[in-house]
Amino acid sequence: MSRLKTLEKKNYEDWNSFVDSSNQGSIFSKTWYLDALQMEYEILIVEDRDRIEAGTVLAKNEINIYSNPMLDKYL
């Protein structure tokens, strides 16, 4: 059964692998790129049997609201 959860930082390499294998994957979704932007973010995933099926990056903006990162409006 699929479940929605926030990905723990210790599993960010799993996210990067998922992005690499996805047809919609983008360098702008990689954790090392997001870290370089020096912003607060979380990765929300849909997981099934310990495998990432889908996900999105939630970046906290300057007024503490989650949105797309300032430099990546189409993430």
# chains A, B, ... in the order shown; residues from 1 in each chain; ligands from 1
$ select_by_dssp --residues "chain A" --states "strand (DSSP E or B)" --output "list in words"
Ser2, Arg3, Leu4, Lys5, Thr6, Tyr41, Glu42, Ile43, Leu44, Ile45, Val46, Glu47, Asp48, Arg51, Ile52, Glu53, Ala54, Gly55, Thr56, Val57, Leu58, Ala59, Lys60, Tyr66 and Ser67 of chain A
$ residues_around --residues "Lys9 of chain A" --least-positions-apart "4" --cutoff "10 Å" --atoms "only C-alpha atoms" --output "ChimeraX atom specification"
/A:13-15,31,42-43
$ residues_around --residues "Leu34 of chain A" --least-positions-apart "3" --cutoff "12 Å" --atoms "only C-alpha atoms" --output "list of chain:residue names"
A:Tyr12, A:Asn16, A:Ser26, A:Ile27, A:Phe28, A:Ser29, A:Lys30, A:Thr31, A:Leu37, A:Gln38, A:Met39, A:Glu40, A:Tyr41, A:Glu42, A:Ile43, A:Val57, A:Leu58, A:Ala59, A:Lys60, A:Asn68, A:Pro69, A:Met70, A:Leu71, A:Asp72, A:Leu75
$ write_last_selection --atoms "C-alpha atoms" --output "PDB file, in the first residue's frame"
ATOM      1  CA  TYR A  12      18.244  11.893   0.444  1.00  0.00           C
ATOM      2  CA  ASN A  16      18.666  11.664  -5.935  1.00  0.00           C
ATOM      3  CA  SER A  26      15.825  17.531 -13.227  1.00  0.00           C
ATOM      4  CA  ILE A  27      19.113  18.749 -11.809  1.00  0.00           C
ATOM      5  CA  PHE A  28      17.019  21.363 -10.006  1.00  0.00           C
ATOM      6  CA  SER A  29      15.412  18.606  -7.907  1.00  0.00           C
ATOM      7  CA  LYS A  30      18.713  17.158  -6.666  1.00  0.00           C
ATOM      8  CA  THR A  31      19.445  17.664  -2.990  1.00  0.00           C
ATOM      9  CA  LEU A  37      20.561  27.500  -2.680  1.00  0.00           C
ATOM     10  CA  GLN A  38      20.877  27.636   1.130  1.00  0.00           C
ATOM     11  CA  MET A  39      17.172  27.470   1.791  1.00  0.00           C
ATOM     12  CA  GLU A  40      15.011  25.346   4.025  1.00  0.00           C
ATOM     13  CA  TYR A  41      13.210  22.539   2.192  1.00  0.00           C
ATOM     14  CA  GLU A  42      11.554  19.165   2.653  1.00  0.00           C
ATOM     15  CA  ILE A  43      10.925  16.357   0.213  1.00  0.00           C
ATOM     16  CA  VAL A  57      10.265  19.390  -3.156  1.00  0.00           C
ATOM     17  CA  LEU A  58       8.663  21.808  -0.705  1.00  0.00           C
ATOM     18  CA  ALA A  59      10.808  24.903  -0.163  1.00  0.00           C
ATOM     19  CA  LYS A  60      10.080  27.393   2.600  1.00  0.00           C
ATOM     20  CA  ASN A  68       8.721  26.391  -5.271  1.00  0.00           C
ATOM     21  CA  PRO A  69      12.257  27.703  -4.690  1.00  0.00           C
ATOM     22  CA  MET A  70      12.807  31.294  -5.806  1.00  0.00           C
ATOM     23  CA  LEU A  71      15.148  30.317  -8.653  1.00  0.00           C
ATOM     24  CA  ASP A  72      13.098  27.258  -9.686  1.00  0.00           C
ATOM     25  CA  LEU A  75      10.288  22.534 -10.174  1.00  0.00           C
TER      26      LEU A  75
END
$ residues_around --residues "Met1 of chain A" --least-positions-apart "5" --cutoff "10 Å" --atoms "only C-alpha atoms" --output "CSV table (one decimal) with C-alpha atoms, in the first residue's frame"
chain,number,residue,atom,x,y,z
A,47,GLU,CA,6.3,5.3,-1.1
A,48,ASP,CA,5.2,1.8,-1.8
A,49,ARG,CA,7.1,-1.2,-0.3
$ closest_residue --among "A:Glu62, A:Arg51, A:Ser67, A:Asp35" --to "Ser17 of chain A" --atoms "only C-alpha atoms"
A:Arg51
$ select_by_dssp --residues "segment 5-75 of chain A" --states "alpha helix (DSSP H)" --output "VMD selection string"
chain A and resid 12 to 21 31 to 36
$ write_last_selection --atoms "C-alpha atoms" --output "PDB file, in the first residue's frame"
ATOM      1  CA  TYR A  12      18.244  11.893   0.444  1.00  0.00           C
ATOM      2  CA  GLU A  13      20.513   9.726  -1.725  1.00  0.00           C
ATOM      3  CA  ASP A  14      17.446   7.569  -2.483  1.00  0.00           C
ATOM      4  CA  TRP A  15      15.719  10.749  -3.701  1.00  0.00           C
ATOM      5  CA  ASN A  16      18.666  11.664  -5.935  1.00  0.00           C
ATOM      6  CA  SER A  17      18.589   8.170  -7.461  1.00  0.00           C
ATOM      7  CA  PHE A  18      14.838   8.492  -8.019  1.00  0.00           C
ATOM      8  CA  VAL A  19      15.357  11.856  -9.764  1.00  0.00           C
ATOM      9  CA  ASP A  20      18.079  10.311 -11.967  1.00  0.00           C
ATOM     10  CA  SER A  21      15.786   7.491 -13.082  1.00  0.00           C
ATOM     11  CA  THR A  31      19.445  17.664  -2.990  1.00  0.00           C
ATOM     12  CA  TRP A  32      22.959  18.987  -3.602  1.00  0.00           C
ATOM     13  CA  TYR A  33      21.502  21.726  -5.834  1.00  0.00           C
ATOM     14  CA  LEU A  34      18.817  22.594  -3.286  1.00  0.00           C
ATOM     15  CA  ASP A  35      21.468  22.684  -0.544  1.00  0.00           C
ATOM     16  CA  ALA A  36      23.531  25.094  -2.664  1.00  0.00           C
TER      17      ALA A  36
END
$ atom_distance --atom1 "atom CA of Gly25 of chain A" --atom2 "atom CA of Asn61 of chain A"
22.4 Å
